[in-house]
$ cat query.txt   # compact mmCIF, C-alpha atoms
# COMPACT_ATOMS: atom_id res chain seq x y z
CA GLY A 1 -4.57 -8.91 -8.28
CA ALA A 2 -4.50 -11.65 -5.70
CA VAL A 3 -7.06 -11.50 -2.89
CA VAL A 4 -6.35 -12.27 0.75
CA SER A 5 -9.10 -12.27 3.35
CA GLN A 6 -9.02 -12.17 7.12
CA HIS A 7 -11.60 -13.09 9.69
CA PRO A 8 -12.72 -11.57 11.91
CA SER A 9 -12.16 -7.96 10.92
CA TRP A 10 -12.34 -6.95 14.56
CA VAL A 11 -12.65 -8.73 17.87
CA ILE A 12 -12.95 -7.75 21.50
CA CYS A 13 -12.00 -10.28 24.13
CA LYS A 14 -11.43 -10.42 27.83
CA SER A 15 -8.00 -10.69 29.35
CA GLY A 16 -6.91 -14.30 29.71
CA THR A 17 -8.94 -15.67 26.83
CA SER A 18 -7.66 -16.86 23.46
CA VAL A 19 -8.50 -15.47 20.06
CA LYS A 20 -8.09 -17.09 16.66
CA ILE A 21 -7.59 -15.06 13.49
CA GLU A 22 -7.88 -16.64 10.05
CA CYS A 23 -6.04 -15.65 6.91
CA ARG A 24 -7.12 -17.04 3.55
CA SER A 25 -5.77 -16.68 0.05
CA LEU A 26 -8.93 -16.68 -2.06
CA ASP A 27 -7.73 -17.10 -5.61
CA PHE A 28 -4.26 -18.54 -5.30
CA GLN A 29 -2.33 -21.01 -3.23
CA ALA A 30 0.23 -19.87 -0.72
CA THR A 31 2.78 -22.20 0.79
CA THR A 32 3.99 -19.27 2.85
CA MET A 33 2.06 -16.57 4.64
CA PHE A 34 3.31 -13.79 6.87
CA TRP A 35 1.81 -12.38 10.04
CA TYR A 36 2.41 -8.77 10.99
CA ARG A 37 1.48 -6.60 13.91
CA GLN A 38 0.91 -2.88 13.65
CA PHE A 39 0.51 -0.42 16.51
CA PRO A 40 -1.17 2.95 15.92
CA LYS A 41 0.85 5.28 13.72
CA GLN A 42 3.62 2.74 13.38
CA SER A 43 4.91 0.51 10.64
CA LEU A 44 4.27 -3.18 10.16
CA MET A 45 6.41 -5.49 12.23
CA LEU A 46 6.85 -9.04 11.03
CA MET A 47 5.89 -11.52 13.72
CA ALA A 48 6.30 -14.85 11.98
CA THR A 49 6.40 -16.70 8.72
CA SER A 50 3.77 -19.38 8.37
CA ASN A 51 4.79 -22.42 6.34
CA GLU A 52 2.28 -24.93 5.00
CA GLY A 53 2.97 -28.36 6.39
CA SER A 54 5.74 -27.31 8.76
CA LYS A 55 6.43 -25.17 11.80
CA ALA A 56 6.22 -21.42 11.65
CA THR A 57 9.34 -19.32 11.85
CA TYR A 58 9.12 -16.62 14.50
CA GLU A 59 10.95 -13.33 14.56
CA GLN A 60 13.21 -12.53 17.45
CA GLY A 61 11.26 -11.42 20.49
CA VAL A 62 7.95 -12.99 19.43
CA GLU A 63 6.73 -15.68 21.84
CA LYS A 64 5.82 -18.74 19.84
CA ASP A 65 3.83 -20.23 22.72
CA LYS A 66 1.71 -17.11 22.92
CA PHE A 67 1.16 -16.59 19.21
CA LEU A 68 0.31 -19.99 17.82
CA ILE A 69 0.40 -20.30 14.07
CA ASN A 70 -1.07 -23.13 12.04
CA HIS A 71 -0.85 -23.35 8.26
CA ALA A 72 -3.30 -26.18 7.69
CA SER A 73 -3.71 -25.89 3.94
CA LEU A 74 -2.37 -24.02 0.93
CA THR A 75 -5.04 -21.35 1.38
CA LEU A 76 -5.42 -21.01 5.14
CA SER A 77 -3.21 -19.87 8.00
CA THR A 78 -4.42 -19.14 11.50
CA LEU A 79 -2.95 -17.05 14.29
CA THR A 80 -4.13 -17.78 17.81
CA VAL A 81 -3.33 -15.27 20.52
CA THR A 82 -3.35 -17.29 23.71
CA SER A 83 -4.05 -15.88 27.16
CA ALA A 84 -4.49 -12.44 25.68
CA HIS A 85 -3.61 -9.35 27.69
CA PRO A 86 -4.34 -5.68 27.03
CA GLU A 87 -0.84 -5.17 25.66
CA ASP A 88 -1.71 -7.64 22.90
CA SER A 89 -4.28 -5.18 21.59
CA SER A 90 -3.16 -4.29 18.10
CA PHE A 91 -3.89 -4.50 14.40
CA TYR A 92 -2.89 -7.91 13.05
CA ILE A 93 -2.38 -8.26 9.32
CA CYS A 94 -1.50 -11.28 7.26
CA SER A 95 -0.03 -11.43 3.81
CA ALA A 96 0.67 -14.02 1.18
CA PRO A 97 3.25 -13.81 -1.58
CA LEU A 98 2.20 -14.57 -5.12
CA ALA A 99 5.03 -16.37 -6.82
CA GLY A 100 6.05 -14.77 -10.06
CA VAL A 101 8.65 -15.30 -12.72
CA VAL A 102 11.28 -13.18 -11.03
CA ASP A 103 10.22 -12.73 -7.48
CA TYR A 104 7.37 -12.57 -5.05
CA GLU A 105 4.70 -9.87 -4.85
CA GLN A 106 3.10 -9.80 -1.44
CA TYR A 107 -0.64 -9.22 -0.97
CA PHE A 108 -2.19 -8.24 2.32
CA GLY A 109 -5.42 -9.08 4.03
CA PRO A 110 -7.62 -6.28 5.37
CA GLY A 111 -6.38 -6.76 8.92
CA THR A 112 -7.95 -7.73 12.24
CA ARG A 113 -8.32 -5.23 15.04
CA LEU A 114 -7.89 -6.99 18.39
CA THR A 115 -8.92 -5.25 21.59
CA VAL A 116 -8.27 -7.01 24.88
CA THR A 117 -10.16 -5.63 27.84
CA GLY B 1 12.99 -5.74 14.30
CA GLN B 2 14.82 -4.34 11.30
CA GLN B 3 13.17 -1.46 9.46
CA LEU B 4 13.91 0.67 6.48
CA ASN B 5 14.14 4.43 6.86
CA GLN B 6 11.62 6.48 4.94
CA SER B 7 11.59 10.20 4.46
CA PRO B 8 9.85 12.42 4.92
CA GLN B 9 7.90 11.05 7.87
CA SER B 10 4.91 13.15 6.91
CA MET B 11 4.01 15.81 4.43
CA PHE B 12 1.20 18.20 3.71
CA ILE B 13 0.78 19.21 0.10
CA GLN B 14 -1.69 21.09 -2.02
CA GLU B 15 -3.85 19.21 -4.48
CA GLY B 16 -2.17 19.11 -7.86
CA GLU B 17 1.37 19.16 -6.52
CA ASP B 18 3.90 16.41 -7.13
CA VAL B 19 5.15 14.30 -4.23
CA SER B 20 8.46 12.58 -3.70
CA MET B 21 9.45 10.17 -0.97
CA ASN B 22 12.32 7.78 -0.52
CA CYS B 23 13.36 4.70 1.34
CA THR B 24 16.91 3.83 2.37
CA SER B 25 18.60 0.83 3.86
CA SER B 26 22.00 -0.24 5.04
CA SER B 27 21.38 -3.62 3.43
CA ILE B 28 20.97 -4.67 -0.16
CA PHE B 29 17.55 -5.82 -1.33
CA ASN B 30 16.64 -7.72 -4.48
CA THR B 31 13.05 -6.53 -4.62
CA TRP B 32 11.39 -3.32 -3.53
CA LEU B 33 7.65 -2.97 -3.08
CA TRP B 34 5.65 0.18 -2.47
CA TYR B 35 2.33 0.06 -0.60
CA LYS B 36 -0.40 2.49 0.39
CA GLN B 37 -2.38 1.95 3.57
CA ASP B 38 -5.64 3.65 4.43
CA PRO B 39 -6.73 3.86 8.09
CA GLY B 40 -7.98 0.54 9.45
CA GLU B 41 -7.15 -1.38 6.31
CA GLY B 42 -4.39 -3.60 5.03
CA PRO B 43 -1.70 -2.20 2.73
CA VAL B 44 -2.39 -2.24 -0.99
CA LEU B 45 0.43 -2.97 -3.41
CA LEU B 46 1.22 -0.04 -5.71
CA ILE B 47 4.42 -0.90 -7.51
CA ALA B 48 6.95 -3.75 -7.50
CA LEU B 49 10.58 -3.28 -8.55
CA TYR B 50 12.88 -6.16 -9.36
CA LYS B 51 16.06 -4.79 -10.93
CA ALA B 52 18.58 -2.19 -9.84
CA GLY B 53 17.99 1.00 -11.80
CA GLU B 54 14.49 -0.06 -12.82
CA LEU B 55 11.95 2.71 -13.26
CA THR B 56 8.31 1.63 -13.17
CA SER B 57 5.08 3.58 -13.46
CA ASN B 58 1.54 2.87 -12.39
CA GLY B 59 -0.71 5.71 -13.47
CA ARG B 60 0.41 8.84 -11.64
CA LEU B 61 2.89 6.85 -9.59
CA THR B 62 6.50 6.26 -10.56
CA ALA B 63 9.01 4.30 -8.53
CA GLN B 64 12.69 3.60 -9.00
CA PHE B 65 14.96 0.88 -7.70
CA GLY B 66 18.24 2.51 -6.69
CA ILE B 67 21.43 1.49 -8.46
CA THR B 68 23.09 0.54 -5.19
CA ARG B 69 20.06 -1.65 -4.35
CA LYS B 70 19.96 0.09 -0.98
CA ASP B 71 17.29 2.64 -1.79
CA SER B 72 14.10 3.30 -3.69
CA PHE B 73 12.03 6.34 -4.58
CA LEU B 74 8.32 6.90 -5.13
CA ASN B 75 6.89 9.89 -6.92
CA ILE B 76 3.24 10.86 -7.19
CA SER B 77 2.35 13.39 -9.83
CA ALA B 78 -0.59 15.80 -9.71
CA SER B 79 -1.78 14.66 -6.29
CA ILE B 80 -5.48 14.36 -5.56
CA PRO B 81 -7.32 14.16 -2.20
CA SER B 82 -7.65 10.36 -2.38
CA ASP B 83 -3.86 10.04 -2.36
CA VAL B 84 -4.00 10.71 1.36
CA GLY B 85 -2.73 7.81 3.42
CA ILE B 86 0.45 6.17 4.60
CA TYR B 87 2.97 4.95 2.07
CA PHE B 88 5.29 2.12 2.97
CA CYS B 89 8.26 0.70 1.17
CA ALA B 90 9.22 -2.91 1.70
CA GLY B 91 12.41 -4.71 0.81
CA LEU B 92 12.61 -8.41 0.18
CA THR B 93 15.48 -10.09 1.92
CA THR B 94 16.53 -13.53 0.85
CA SER B 95 19.28 -14.14 3.34
CA GLY B 96 18.16 -17.36 4.96
CA THR B 97 14.46 -17.29 4.19
CA TYR B 98 12.29 -14.93 2.20
CA LYS B 99 10.78 -12.13 4.24
CA TYR B 100 9.85 -8.51 3.78
CA ILE B 101 11.23 -5.65 5.81
CA PHE B 102 9.00 -2.58 5.99
CA GLY B 103 9.87 1.07 6.00
CA THR B 104 8.84 3.48 8.72
CA GLY B 105 6.18 5.01 6.48
CA THR B 106 5.43 8.40 4.97
CA ARG B 107 2.13 9.95 5.99
CA LEU B 108 0.68 12.04 3.18
CA LYS B 109 -2.04 14.62 3.57
CA VAL B 110 -3.42 16.45 0.58
CA LEU B 111 -5.09 19.80 1.01
CA ALA B 112 -7.85 20.48 -1.47

$ encode --input "query.txt" --output "structure tokens"
Amino acid sequence: GAVVSQHPSWVICKSGTSVKIECRSLDFQATTMFWYRQFPKQSLMLMATSNEGSKATYEQGVEKDKFLINHASLTLSTLTVTSAHPEDSSFYICSAPLAGVVDYEQYFGPGTRLTVT
Amino acid sequence: GQQLNQSPQSMFIQEGEDVSMNCTSSSIFNTWLWYKQDPGEGPVLLIALYKAGELTSNGRLTAQFGITRKDSFLNISASIPSDVGIYFCAGLTTSGTYKYIFGTGTRLKVLA
């Protein structure tokens, strides 16, 4: 199967600082990547769709100026949480679809646990 | 955001028992995916379904794509302790752009 990595796996930062999370597709190219957020005991909520070479598409209610997404290459997308606050503490997971003959199978990274103090 | 409804929300079963869970939507999807998530990790793809009525197996797991394209089912036969985790369904919507909508999850606990 396709492998997606994330870095860091966990991070603790102080309120008001910014944090960058990387998502890489290791053995395939991904023109699109997805960023999700997951609170404890809840499902995954799509935050935005990252598009290589163009602007990200954000879901309703997600602040694009707070969650900056950059898809610099076909294997790397980054999510920067700017001016982080405790309520931004969450589990952030990225995914990349692997294009197939019929449709797209989506593979997830291991996630990044963000704690804002 | 939009979510798919999964049931049951949680279940406790004895090792060796079969498990059934389902996922329903008010919208039509062209692809259904089933994932398992262990605590603190990303979801792992179990089964992908592409056609209405399709029945696909992966070891002890069997999933079906509902005829109406608004639901999907996952069955686990002869459960073992390592089956414990949260199972999510995801539907691929292609209205506008491609994106996946996730179910609310079914938390499975297996008693040895």

$ interface_residues --input "query.txt" --of "chain B" --to "chain A" --cutoff "12 Å" --atoms "all atoms listed in the file" --output "PyMOL selection string"
chain B and resi 1-6+9-10+29-51+85-94+96-107

$ residues_around --input "query.txt" --residues "stretch 64-80 of chain B" --least-positions-apart "2" --cutoff "8 Å" --atoms "only C-alpha atoms" --output "PyMOL selection string"
chain B and resi 14-30+32+34+49-56+60-62+82-84+110+112

$ residues_around --input "query.txt" --residues "A:Thr117" --least-positions-apart "6" --cutoff "8 Å" --atoms "all atoms listed in the file" --output "PyMOL selection string"
chain A and resi 12-15+85-86

$ write_last_selection --input "query.txt" --atoms "C-alpha atoms" --output "short mmCIF file (atom, residue, chain, number, x, y, z; two decimals), in the frame of the given file"
data_model
loop_
_atom_site.label_atom_id
_atom_site.label_comp_id
_atom_site.auth_asym_id
_atom_site.auth_seq_id
_atom_site.Cartn_x
_atom_site.Cartn_y
_atom_site.Cartn_z
CA ILE A 12 -12.95 -7.75 21.50
CA CYS A 13 -12.00 -10.28 24.13
CA LYS A 14 -11.43 -10.42 27.83
CA SER A 15 -8.00 -10.69 29.35
CA HIS A 85 -3.61 -9.35 27.69
CA PRO A 86 -4.34 -5.68 27.03
#

$ residues_near_point --input "query.txt" --point "(-2.9, 16.0, 3.7)" --cutoff "8 Å" --atoms "only C-alpha atoms" --output "PyMOL selection string"
chain B and resi 11-14+81+84+108-111

$ residues_around --input "query.txt" --residues "A:Lys66" --least-positions-apart "5" --cutoff "8 Å" --atoms "all atoms listed in the file" --output "list in words"
Thr80, Val81, Thr82 and Ser83 of chain A

$ atom_distance --input "query.txt" --atom1 "atom CA of A:Arg37" --atom2 "atom CA of B:Asn58"
28.0 Å

$ closest_residue --input "query.txt" --among "A:Val62, A:Ser54, A:Glu22, A:Ala2" --to "A:Ala96" --atoms "only C-alpha atoms"
A:Ala2

$ atom_distance --input "query.txt" --atom1 "atom CA of A:Trp10" --atom2 "atom CA of A:Gly53"
27.6 Å

$ atom_distance --input "query.txt" --atom1 "atom CA of A:Phe67" --atom2 "atom CA of A:Phe28"
25.2 Å

$ closest_residue --input "query.txt" --among "A:Ile21, A:Pro8, A:Leu26, A:Glu87" --to "A:Asn70" --atoms "all atoms listed in the file"
A:Ile21
